[in-house]
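S.K.: This one is input04.pdb, PDB, C-alpha atoms.
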ATOM      1  CA  MET S 865      28.374  -8.776 -26.420
ATOM      2  CA  PRO S 866      29.579  -6.062 -28.815
ATOM      3  CA  ARG S 867      29.564  -2.455 -27.542
ATOM      4  CA  MET S 868      27.664  -3.332 -24.349
ATOM      5  CA  ASP S 869      28.439  -5.670 -21.462
ATOM      6  CA  GLY S 870      25.875  -7.942 -19.856
ATOM      7  CA  LEU S 871      25.523  -5.837 -16.721
ATOM      8  CA  GLU S 872      24.594  -2.741 -18.711
ATOM      9  CA  ALA S 873      22.177  -4.839 -20.788
ATOM     10  CA  THR S 874      20.567  -6.099 -17.570
ATOM     11  CA  ARG S 875      20.139  -2.541 -16.309
ATOM     12  CA  ILE S 876      18.365  -1.609 -19.550
ATOM     13  CA  ILE S 877      16.142  -4.694 -19.387
ATOM     14  CA  ARG S 878      15.231  -3.880 -15.787
ATOM     15  CA  ARG S 879      14.405  -0.298 -16.765
ATOM     16  CA  GLU S 880      12.332  -1.194 -19.819
ATOM     17  CA  SER S 881      10.693  -4.416 -18.544
ATOM     18  CA  PRO S 882      10.840  -4.386 -14.732
ATOM     19  CA  ASP S 883       8.445  -7.355 -14.393
ATOM     20  CA  CYS S 884      10.537  -9.861 -16.372
ATOM     21  CA  ASN S 885      12.891 -12.436 -14.837
ATOM     22  CA  VAL S 886      16.624 -11.987 -15.491
ATOM     23  CA  VAL S 887      19.382 -14.552 -14.965
ATOM     24  CA  ILE S 888      22.904 -13.382 -15.814
ATOM     25  CA  VAL S 889      25.631 -15.641 -17.191
ATOM     26  CA  THR S 890      29.132 -14.546 -16.210
ATOM     27  CA  GLN S 891      32.708 -15.737 -16.434
ATOM     28  CA  ASN S 892      33.398 -14.501 -12.895
ATOM     29  CA  ASP S 893      33.380 -16.773  -9.866
ATOM     30  CA  ALA S 894      30.238 -17.241  -7.750
ATOM     31  CA  THR S 895      31.139 -14.624  -5.130
ATOM     32  CA  VAL S 896      31.644 -11.885  -7.721
ATOM     33  CA  ALA S 897      28.644 -13.049  -9.780
ATOM     34  CA  ARG S 898      26.335 -12.898  -6.774
ATOM     35  CA  GLU S 899      27.355  -9.277  -6.116
ATOM     36  CA  GLN S 900      26.963  -8.381  -9.813
ATOM     37  CA  ALA S 901      23.449  -9.829  -9.823
ATOM     38  CA  ARG S 902      22.578  -7.831  -6.717
ATOM     39  CA  ILE S 903      23.911  -4.566  -8.137
ATOM     40  CA  VAL S 904      22.000  -4.745 -11.425
ATOM     41  CA  GLY S 905      18.825  -6.269  -9.948
ATOM     42  CA  ALA S 906      19.057  -9.681 -11.634
ATOM     43  CA  ASP S 907      17.006 -12.534 -10.178
ATOM     44  CA  GLY S 908      19.830 -15.046 -10.365
ATOM     45  CA  PHE S 909      23.192 -15.912 -11.920
ATOM     46  CA  VAL S 910      25.118 -18.792 -13.477
ATOM     47  CA  THR S 911      28.889 -18.940 -13.964
ATOM     48  CA  LYS S 912      30.078 -19.962 -17.421
ATOM     49  CA  SER S 913      32.187 -22.748 -15.963
ATOM     50  CA  ASP S 914      28.980 -24.376 -14.613
ATOM     51  CA  LEU S 915      26.629 -23.287 -17.400
ATOM     52  CA  ILE S 916      25.546 -26.743 -18.600
ATOM     53  CA  ARG S 917      24.922 -27.990 -15.094
ATOM     54  CA  ASP S 918      23.293 -24.913 -13.519
ATOM     55  CA  LEU S 919      21.426 -22.893 -16.162
ATOM     56  CA  LEU S 920      18.146 -24.833 -16.347
ATOM     57  CA  PRO S 921      17.902 -25.399 -12.562
ATOM     58  CA  GLU S 922      18.563 -21.702 -11.905
ATOM     59  CA  MET S 923      15.928 -20.628 -14.444
ATOM     60  CA  ALA S 924      13.454 -23.052 -12.851
ATOM     61  CA  ARG S 925      14.234 -21.674  -9.381
ATOM     62  CA  VAL S 926      13.692 -18.063 -10.450
ATOM     63  CA  ALA S 927      10.454 -18.917 -12.261
ATOM     64  CA  MET S 928       9.157 -20.856  -9.253
ATOM     65  CA  GLU S 929       9.893 -17.979  -6.865
ATOM     66  CA  ARG S 930       7.945 -15.565  -9.082
ATOM     67  CA  HIS S 931       5.093 -18.082  -9.438
ATOM     68  CA  ASN S 932       4.898 -18.612  -5.676
ATOM     69  CA  SER S 933       4.861 -14.872  -5.029
ATOM     70  CA  LEU S 934       2.027 -14.317  -7.506
ATOM     71  CA  ASP S 935       0.129 -17.285  -6.028
ATOM     72  CA  GLU S 936       0.388 -15.769  -2.539
ATOM     73  CA  THR S 937      -1.163 -12.551  -3.794
ATOM     74  CA  LYS S 938      -3.956 -14.378  -5.657
ATOM     75  CA  ASN S 939      -4.736 -16.704  -2.756
ATOM     76  CA  ALA S 940      -4.949 -13.817  -0.308
ATOM     77  CA  ALA S 941      -7.304 -11.946  -2.632
ATOM     78  CA  ASP S 942      -9.424 -15.072  -3.115
ATOM     79  CA  ASN S 943      -9.738 -15.686   0.634
ATOM     80  CA  GLY S 944     -12.058 -12.797   1.431
ATOM     81  CA  GLU S 945      -9.535  -9.977   1.069
ATOM     82  CA  PRO S 946     -10.454  -7.859  -1.960
ATOM     83  CA  TRP S 947      -8.215  -5.080  -0.680
ATOM     84  CA  CYS S 948      -5.252  -7.407  -1.156
ATOM     85  CA  GLY S 949      -5.484  -7.268  -4.934
ATOM     86  CA  LEU S 950      -5.810  -3.481  -4.819
ATOM     87  CA  LEU S 951      -2.592  -3.162  -2.807
ATOM     88  CA  ALA S 952      -0.694  -5.773  -4.811
ATOM     89  CA  ASP S 953      -1.570  -4.089  -8.118
ATOM     90  CA  ALA S 954      -1.278  -0.451  -6.977
ATOM     91  CA  ALA S 955      -0.736   1.703 -10.048
ATOM     92  CA  PRO S 956       1.168   4.980 -10.436
ATOM     93  CA  ARG S 957      -0.859   7.924  -9.077
ATOM     94  CA  ASP S 958      -3.088   5.665  -6.988
ATOM     95  CA  HIS S 959      -3.472   7.139  -3.509
ATOM     96  CA  ILE S 960      -4.929   4.512  -1.186
ATOM     97  CA  VAL S 961      -6.015   5.074   2.417
ATOM     98  CA  GLN S 962      -6.622   2.363   5.011
ATOM     99  CA  LEU S 963      -8.548   2.757   8.277
ATOM    100  CA  TYR S 964      -7.444   0.324  10.952
ATOM    101  CA  GLN S 965      -7.672  -0.370  14.668
ATOM    102  CA  ASP S 966      -6.135  -3.829  14.642
ATOM    103  CA  GLN S 967      -2.324  -3.990  14.440
ATOM    104  CA  GLN S 968      -2.524  -7.286  12.551
ATOM    105  CA  PHE S 969      -4.687  -5.699   9.846
ATOM    106  CA  LEU S 970      -2.096  -2.946   9.457
ATOM    107  CA  ASN S 971       0.726  -5.498   9.280
ATOM    108  CA  ARG S 972      -1.036  -7.586   6.643
ATOM    109  CA  ALA S 973      -1.929  -4.632   4.432
ATOM    110  CA  VAL S 974       1.463  -2.918   4.504
ATOM    111  CA  CYS S 975       3.371  -6.151   3.972
ATOM    112  CA  ARG S 976       1.136  -7.157   1.058
ATOM    113  CA  PHE S 977       1.776  -3.749  -0.546
ATOM    114  CA  ALA S 978       5.543  -4.064  -0.026
ATOM    115  CA  ALA S 979       5.942  -7.764  -0.843
ATOM    116  CA  ALA S 980       4.062  -7.345  -4.124
ATOM    117  CA  ALA S 981       6.334  -4.458  -5.078
ATOM    118  CA  ILE S 982       9.430  -6.569  -4.423
ATOM    119  CA  ALA S 983       7.997  -9.488  -6.416
ATOM    120  CA  ASN S 984       7.085  -7.162  -9.311
ATOM    121  CA  GLY S 985      10.568  -5.666  -9.516
ATOM    122  CA  GLU S 986       9.420  -2.283  -8.194
ATOM    123  CA  GLY S 987      11.143  -0.030  -5.711
ATOM    124  CA  VAL S 988       9.305   0.408  -2.415
ATOM    125  CA  ILE S 989       9.643   3.076   0.267
ATOM    126  CA  LEU S 990       8.345   2.408   3.776
ATOM    127  CA  VAL S 991       8.187   5.245   6.307
ATOM    128  CA  PRO S 992       7.104   3.596   9.576
ATOM    129  CA  THR S 993       7.738   4.258  13.234
ATOM    130  CA  ILE S 994      10.391   2.000  14.728
ATOM    131  CA  ALA S 995       7.726   0.018  16.580
ATOM    132  CA  HIS S 996       5.766  -0.669  13.408
ATOM    133  CA  TRP S 997       8.874  -1.594  11.413
ATOM    134  CA  ASP S 998       9.725  -4.126  14.119
ATOM    135  CA  ALA S 999       6.284  -5.660  13.459
ATOM    136  CA  PHE S1000       6.484  -5.466   9.647
ATOM    137  CA  ARG S1001       9.924  -6.975   9.182
ATOM    138  CA  PRO S1002       9.221 -10.519  10.441
ATOM    139  CA  ARG S1003       5.967 -10.641   8.493
ATOM    140  CA  LEU S1004       7.712  -9.583   5.284
ATOM    141  CA  GLU S1005      10.296 -12.286   5.832
ATOM    142  CA  SER S1006       7.548 -14.855   6.455
ATOM    143  CA  GLU S1007       6.103 -13.879   3.055
ATOM    144  CA  GLY S1008       9.399 -14.723   1.385
ATOM    145  CA  VAL S1009      11.015 -11.273   1.218
ATOM    146  CA  ASP S1010      14.740 -11.232   1.976
ATOM    147  CA  VAL S1011      14.611  -7.852   3.700
ATOM    148  CA  LYS S1012      18.348  -7.469   4.139
ATOM    149  CA  ALA S1013      19.054  -8.292   0.493
ATOM    150  CA  ALA S1014      16.261  -6.004  -0.754
ATOM    151  CA  GLU S1015      17.686  -3.127   1.276
ATOM    152  CA  LYS S1016      21.225  -3.871   0.133
ATOM    153  CA  ARG S1017      20.343  -3.813  -3.569
ATOM    154  CA  GLY S1018      18.363  -0.590  -3.065
ATOM    155  CA  GLN S1019      14.930  -2.016  -3.868
ATOM    156  CA  LEU S1020      13.600  -1.475  -0.327
ATOM    157  CA  THR S1021      14.067   1.892   1.397
ATOM    158  CA  ILE S1022      13.202   2.263   5.093
ATOM    159  CA  VAL S1023      12.901   5.776   6.568
ATOM    160  CA  ASP S1024      12.079   6.454  10.230
ATOM    161  CA  ALA S1025       8.790   8.420  10.272
ATOM    162  CA  ASP S1026       9.565  10.114  13.593
ATOM    163  CA  ASN S1027      12.905  11.356  12.249
ATOM    164  CA  LEU S1028      11.676  12.505   8.835
ATOM    165  CA  LEU S1029       8.549  14.359   9.981
ATOM    166  CA  PRO S1030      10.292  17.222  11.890
ATOM    167  CA  THR S1031      12.591  17.964   8.945
ATOM    168  CA  PHE S1032       9.818  19.627   6.922
ATOM    169  CA  MET S1033       7.451  20.934   9.632
ATOM    170  CA  ARG S1034       7.385  24.706  10.115
ATOM    171  CA  ASP S1035       5.102  26.373  12.680
ATOM    172  CA  GLU S1036       3.233  23.087  13.164
ATOM    173  CA  MET S1037       2.392  22.749   9.457
ATOM    174  CA  PRO S1038       4.197  20.987   6.596
ATOM    175  CA  ASP S1039       6.391  23.288   4.522
ATOM    176  CA  SER S1040       5.355  22.389   0.978
ATOM    177  CA  PRO S1041       8.603  23.096  -0.941
ATOM    178  CA  VAL S1042      10.743  21.473   1.734
ATOM    179  CA  PHE S1043       8.567  18.347   1.915
ATOM    180  CA  LEU S1044       8.262  17.936  -1.848
ATOM    181  CA  GLY S1045      12.009  18.379  -2.265
ATOM    182  CA  LEU S1046      12.877  15.853   0.449
ATOM    183  CA  ALA S1047      10.321  13.345  -0.817
ATOM    184  CA  ALA S1048      11.497  13.728  -4.419
ATOM    185  CA  ASN S1049      15.043  12.900  -3.278
ATOM    186  CA  VAL S1050      13.824   9.769  -1.483
ATOM    187  CA  VAL S1051      11.912   8.664  -4.604
ATOM    188  CA  SER S1052      14.920   9.356  -6.824
ATOM    189  CA  GLN S1053      17.148   7.208  -4.619
ATOM    190  CA  ALA S1054      14.527   4.453  -4.562
ATOM    191  CA  ARG S1055      14.614   4.309  -8.371
ATOM    192  CA  GLY S1056      18.212   3.166  -8.085
ATOM    193  CA  ASP S1057      19.655   4.843 -11.187
ATOM    194  CA  GLY S1058      16.859   3.393 -13.294
ATOM    195  CA  ARG S1059      16.877  -0.154 -11.889
ATOM    196  CA  TYR S1060      13.444   0.401 -10.322
ATOM    197  CA  PRO S1061      11.582   2.958 -12.435
ATOM    198  CA  LYS S1062       8.258   2.032 -10.851
ATOM    199  CA  VAL S1063       8.121   3.048  -7.173
ATOM    200  CA  ARG S1064       5.496   2.844  -4.447
ATOM    201  CA  TRP S1065       5.446   4.527  -1.021
ATOM    202  CA  TRP S1066       3.731   3.644   2.256
ATOM    203  CA  GLY S1067       4.045   5.878   5.308
ATOM    204  CA  GLU S1068       2.414   6.929   8.538
ATOM    205  CA  MET S1069       3.576  10.480   9.132
ATOM    206  CA  VAL S1070       0.014  11.627   8.412
ATOM    207  CA  ASN S1071      -1.214   9.269  11.123
ATOM    208  CA  ILE S1072       1.367  10.533  13.613
ATOM    209  CA  LEU S1073      -0.040  14.036  13.125
ATOM    210  CA  TRP S1074      -3.617  12.740  13.328
ATOM    211  CA  GLU S1075      -2.964  10.923  16.604
ATOM    212  CA  ARG S1076      -1.401  14.089  18.039
ATOM    213  CA  GLY S1077      -4.606  15.949  17.253
ATOM    214  CA  ASP S1078      -2.967  17.994  14.474
ATOM    215  CA  VAL S1079      -5.801  17.327  12.029
ATOM    216  CA  ALA S1080      -5.168  20.331   9.774
ATOM    217  CA  ALA S1081      -1.477  19.456   9.439
ATOM    218  CA  SER S1082      -2.326  15.822   8.740
ATOM    219  CA  MET S1083      -4.767  16.687   5.957
ATOM    220  CA  ASN S1084      -2.370  19.254   4.509
ATOM    221  CA  LEU S1085       0.316  16.593   4.361
ATOM    222  CA  GLU S1086      -2.132  14.245   2.615
ATOM    223  CA  ASP S1087      -2.685  16.940  -0.025
ATOM    224  CA  LEU S1088       1.077  17.120  -0.523
ATOM    225  CA  PHE S1089       1.347  13.344  -0.840
ATOM    226  CA  ASP S1090      -1.343  13.411  -3.497
ATOM    227  CA  GLN S1091       0.649  16.077  -5.332
ATOM    228  CA  LEU S1092       3.787  13.942  -4.946
ATOM    229  CA  ALA S1093       2.013  10.901  -6.436
ATOM    230  CA  HIS S1094       1.178  12.867  -9.584
ATOM    231  CA  GLU S1095       4.476  14.725  -9.889
ATOM    232  CA  GLN S1096       6.626  11.616  -9.371
ATOM    233  CA  ASP S1097       4.217   9.134 -10.994
ATOM    234  CA  ILE S1098       4.220   6.785  -7.993
ATOM    235  CA  SER S1099       1.562   4.955  -6.006
ATOM    236  CA  ILE S1100       1.041   5.995  -2.393
ATOM    237  CA  PHE S1101      -0.585   4.062   0.443
ATOM    238  CA  CYS S1102      -1.248   5.513   3.892
ATOM    239  CA  SER S1103      -2.903   4.127   7.003
ATOM    240  CA  PHE S1104      -4.892   5.901   9.714
ATOM    241  CA  SER S1105      -5.730   4.587  13.155
ATOM    242  CA  MET S1106      -9.424   5.476  12.814
ATOM    243  CA  ASP S1107     -12.681   3.761  13.745
ATOM    244  CA  ASN S1108     -14.757   3.340  10.586
ATOM    245  CA  PHE S1109     -17.907   3.180  12.732
ATOM    246  CA  ASN S1110     -17.330   6.546  14.397
ATOM    247  CA  GLY S1111     -19.876   9.207  13.448
ATOM    248  CA  ASP S1112     -17.366  12.066  13.466
ATOM    249  CA  VAL S1113     -15.033  10.131  11.169
ATOM    250  CA  HIS S1114     -17.913   9.700   8.714
ATOM    251  CA  ALA S1115     -19.129  13.272   9.029
ATOM    252  CA  ARG S1116     -15.777  15.075   8.936
ATOM    253  CA  MET S1117     -12.768  12.955   8.047
ATOM    254  CA  LEU S1118     -13.954  10.701   5.231
ATOM    255  CA  PRO S1119     -15.309  13.591   3.122
ATOM    256  CA  ARG S1120     -11.941  15.313   3.555
ATOM    257  CA  LEU S1121     -10.000  12.160   2.713
ATOM    258  CA  SER S1122     -12.073  11.743  -0.422
ATOM    259  CA  GLU S1123     -10.534  14.975  -1.726
ATOM    260  CA  ASN S1124      -7.006  13.578  -1.877
ATOM    261  CA  HIS S1125      -7.359   9.791  -2.230
ATOM    262  CA  SER S1126      -8.384   7.443  -5.018
ATOM    263  CA  HIS S1127      -9.297   4.372  -2.923
ATOM    264  CA  LEU S1128     -10.573   3.675   0.601
ATOM    265  CA  ILE S1129     -10.012   0.457   2.578
ATOM    266  CA  PRO S1130     -12.409   1.009   5.496
ATOM    267  CA  VAL S1131     -12.319  -2.409   7.193
ATOM    268  CA  GLU S1132     -10.558  -5.740   6.846
ATOM    269  CA  ASP S1133     -13.583  -7.901   5.943
ATOM    270  CA  TYR S1134     -15.735  -6.416   3.166
ATOM    271  CA  SER S1135     -18.249  -9.269   3.155
ATOM    272  CA  ARG S1136     -18.859  -8.908   6.888
ATOM    273  CA  LEU S1137     -19.302  -5.153   6.434
ATOM    274  CA  GLU S1138     -21.848  -5.760   3.644
ATOM    275  CA  ARG S1139     -23.893  -8.089   5.855
ATOM    276  CA  ALA S1140     -23.699  -5.772   8.863
ATOM    277  CA  VAL S1141     -24.787  -2.651   6.958
ATOM    278  CA  SER S1142     -27.648  -4.430   5.160
ATOM    279  CA  GLU S1143     -28.996  -5.874   8.397
ATOM    280  CA  ALA S1144     -28.560  -2.585  10.265
ATOM    281  CA  LEU S1145     -30.484  -0.685   7.580
ATOM    282  CA  ARG S1146     -33.305  -3.245   7.630
ATOM    283  CA  ASP S1147     -33.514  -3.014  11.417
ATOM    284  CA  ALA S1148     -33.545   0.787  11.331
ATOM    285  CA  VAL S1149     -36.142   1.460   8.601
ATOM    286  CA  GLY S1150     -37.775  -1.900   7.843
ATOM    287  CA  PRO S1151     -37.065  -4.462   5.096
ATOM    288  CA  ASP S1152     -39.206  -2.913   2.340
ATOM    289  CA  GLU S1153     -38.049   0.637   2.940
ATOM    290  CA  SER S1154     -34.429  -0.477   3.183
ATOM    291  CA  ARG S1155     -34.468  -2.003  -0.319
ATOM    292  CA  VAL S1156     -35.913   1.148  -1.861
ATOM    293  CA  LEU S1157     -33.670   3.458   0.133
ATOM    294  CA  GLU S1158     -30.527   1.488  -0.685
ATOM    295  CA  GLY S1159     -31.123   1.726  -4.421
ATOM    296  CA  GLN S1160     -31.955   5.424  -4.308
ATOM    297  CA  LEU S1161     -28.955   6.339  -2.177
ATOM    298  CA  LEU S1162     -26.399   4.471  -4.247
ATOM    299  CA  SER S1163     -27.755   5.833  -7.528
ATOM    300  CA  ARG S1164     -27.374   9.416  -6.289
ATOM    301  CA  TYR S1165     -24.095   9.139  -4.405
ATOM    302  CA  PRO S1166     -21.233  10.616  -6.468
ATOM    303  CA  GLY S1167     -18.621   8.197  -5.089
ATOM    304  CA  SER S1168     -15.609  10.498  -5.165
ATOM    305  CA  PHE S1169     -13.233   7.628  -4.419
ATOM    306  CA  HIS S1170     -13.366   3.855  -4.814
ATOM    307  CA  MET S1171     -14.659   1.891  -1.819
ATOM    308  CA  PRO S1172     -16.818  -1.131  -0.974
ATOM    309  CA  ARG S1173     -20.481  -0.752  -1.920
ATOM    310  CA  SER S1174     -21.604  -0.988   1.707
ATOM    311  CA  GLN S1175     -19.221   1.812   2.690
ATOM    312  CA  ALA S1176     -20.608   4.026  -0.078
ATOM    313  CA  LEU S1177     -24.094   3.316   1.268
ATOM    314  CA  LEU S1178     -23.100   4.507   4.746
ATOM    315  CA  LEU S1179     -21.619   7.734   3.376
ATOM    316  CA  ALA S1180     -24.608   8.353   1.095
ATOM    317  CA  LEU S1181     -26.929   7.852   4.052
ATOM    318  CA  ARG S1182     -24.866  10.363   6.047
ATOM    319  CA  GLN S1183     -25.318  12.979   3.331
ATOM    320  CA  THR S1184     -29.045  12.398   2.866
ATOM    321  CA  LEU S1185     -30.465  11.259   6.232
ATOM    322  CA  PRO S1186     -27.902  12.035   8.943
ATOM    323  CA  LEU S1187     -30.146  11.023  11.872
ATOM    324  CA  VAL S1188     -30.856   7.646  10.327
ATOM    325  CA  ALA S1189     -27.174   7.366   9.457
ATOM    326  CA  ASP S1190     -26.140   7.603  13.116
ATOM    327  CA  ASP S1191     -28.508   4.778  14.047
ATOM    328  CA  VAL S1192     -27.423   2.569  11.136
ATOM    329  CA  LEU S1193     -23.740   3.211  11.810
ATOM    330  CA  GLN S1194     -23.991   2.167  15.447
ATOM    331  CA  ARG S1195     -26.030  -0.921  14.565
ATOM    332  CA  SER S1196     -23.459  -1.770  11.891
ATOM    333  CA  ARG S1197     -20.635  -1.487  14.426
ATOM    334  CA  THR S1198     -22.363  -3.931  16.770
ATOM    335  CA  LEU S1199     -23.168  -6.429  14.032
ATOM    336  CA  TYR S1200     -19.733  -6.229  12.407
ATOM    337  CA  ARG S1201     -17.934  -6.885  15.683
ATOM    338  CA  ALA S1202     -20.358  -9.592  16.794
ATOM    339  CA  ASN S1203     -19.711 -11.589  13.625
ATOM    340  CA  GLY S1204     -15.938 -11.234  13.698
TER     341      GLY S1204
END
Could you take the file, read its structure, and then write that structure out as structure tokens?
M.R.:
Amino acid sequence: MPRMDGLEATRIIRRESPDCNVVIVTQNDATVAREQARIVGADGFVTKSDLIRDLLPEMARVAMERHNSLDETKNAADNGEPWCGLLADAAPRDHIVQLYQDQQFLNRAVCRFAAAAIANGEGVILVPTIAHWDAFRPRLESEGVDVKAAEKRGQLTIVDADNLLPTFMRDEMPDSPVFLGLAANVVSQARGDGRYPKVRWWGEMVNILWERGDVAASMNLEDLFDQLAHEQDISIFCSFSMDNFNGDVHARMLPRLSENHSHLIPVEDYSRLERAVSEALRDAVGPDESRVLEGQLLSRYPGSFHMPRSQALLLALRQTLPLVADDVLQRSRTLYRANG
């Protein structure tokens, strides 16, 4: 084309419309064309010598892959996983936190977040421990992500959490300028010279600090991640190995997390949590009182970040009637686990 080659045009299309499908047509042979498609982030390629034979089948293949990826996300969200849609559609400046105790729940959530980014033409940064990456990789591949190819074209960036964390810690606390500078460099590289302008980040350095008992450092790092999300216009997802039915977590950690997060994923099964909390409240205060109390609590609770209705009820109860809250929380734990 005049004054611009097809590769440069593809880069511009990817930058301006990252969600669209792109198939390049080239006069080069298949080996060169495949590498060109990888470099510019195209979904497929056709050589001019085989244009009549291959163009329509290649377009159909690319469209089917995108359709299947979107169907996987929709089906997961429809099958009792409302958090799946939240992670798949994470928007810039969203800061989502997950509480988990089950490794499979962690695997499913992180891989949904990452697989959706790949399908949407976004760049994705994962900062796991080696052990967790070894668990994530096969699940991503089972969801149709070609991990090796995504890494090679720069769409998927993997950073070892245990290696990155010490590089910005000073006197057992995160050094703000150092962290923000390092993280900005990682985000810049993930954007791939404009091929992936929309970027999302999942990591567990905050959880490493939490599990060490360095609570202040963990929360300080969460504040910095929230700042990073706004400065770099990216979505951030983090996961904590925390028990959502622990009284101290409700009394101390969740109020603190509400200061630097937009969304909370407290458990894997929201419907089961709803049933458990409703039954626990009825058992604790009686059916009539529970209906009145539930309405009053939810109407007064400010809801500083988005969460399931039943989770908001537990936190509102903690603020208003802490003694009742302890009883309801423990009953909810028993009922939630019994119905799993």
S.K.: Apply the PyMOL selection byres ((chain S and resi 1122) around 12) to the displayed file and report the matching residues as a PyMOL selection string.
M.R.: chain S and resi 959-961+1083+1086-1087+1090+1114-1121+1123-1129+1166-1171+1176+1179
S.K.: Need to verify the contact set: Asn1027 of chain S, 12 Å, all atoms listed in the file, exclusion of same-chain residues closer than 5 positions in sequence. Can you return it as a ChimeraX atom specification?
M.R.: /S:991-994,1022,1032-1033,1068-1069,1072
S.K.: Could you write out the selected residues, including C-alpha atoms, as an mmCIF file, keeping the file's coordinate frame?
M.R.:
data_model
loop_
_atom_site.group_PDB
_atom_site.id
_atom_site.type_symbol
_atom_site.label_atom_id
_atom_site.label_comp_id
_atom_site.auth_asym_id
_atom_site.auth_seq_id
_atom_site.Cartn_x
_atom_site.Cartn_y
_atom_site.Cartn_z
ATOM 1 C CA VAL S 991 8.187 5.245 6.307
ATOM 2 C CA PRO S 992 7.104 3.596 9.576
ATOM 3 C CA THR S 993 7.738 4.258 13.234
ATOM 4 C CA ILE S 994 10.391 2.000 14.728
ATOM 5 C CA ILE S 1022 13.202 2.263 5.093
ATOM 6 C CA PHE S 1032 9.818 19.627 6.922
ATOM 7 C CA MET S 1033 7.451 20.934 9.632
ATOM 8 C CA GLU S 1068 2.414 6.929 8.538
ATOM 9 C CA MET S 1069 3.576 10.480 9.132
ATOM 10 C CA ILE S 1072 1.367 10.533 13.613
#
S.K.: For each of S:Ala1148, S:Ile989, S:Leu1004, S:Ile1100, take the minimum atom-to-atom distance to Ser1052 of chain S, counting all atoms listed in the file, then give the residue where this is smallest.
M.R.: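 Of S:Ala1148, S:Ile989, S:Leu1004, S:Ile1100, the one nearest Ser1052 of chain S, counting all atoms listed in the file, is S:Ile989.
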S.K.: With distances taken over all atoms listed in the file, which residue among S:Ser1006, S:Asp907, S:Gly1056, S:Asp1078 lies nearest Asp1035 of chain S?
M.R.: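 Comparing S:Ser1006, S:Asp907, S:Gly1056, S:Asp1078 against Asp1035 of chain S, the winner is S:Asp1078.
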S.K.: Starting from the PyMOL selection byres ((chain S and resi 1132) around 9), expand the selection into actual residues of this file and give them as a ChimeraX atom specification.
M.R.: /S:945,947,963-964,969,1129-1131,1133-1134,1136-1137
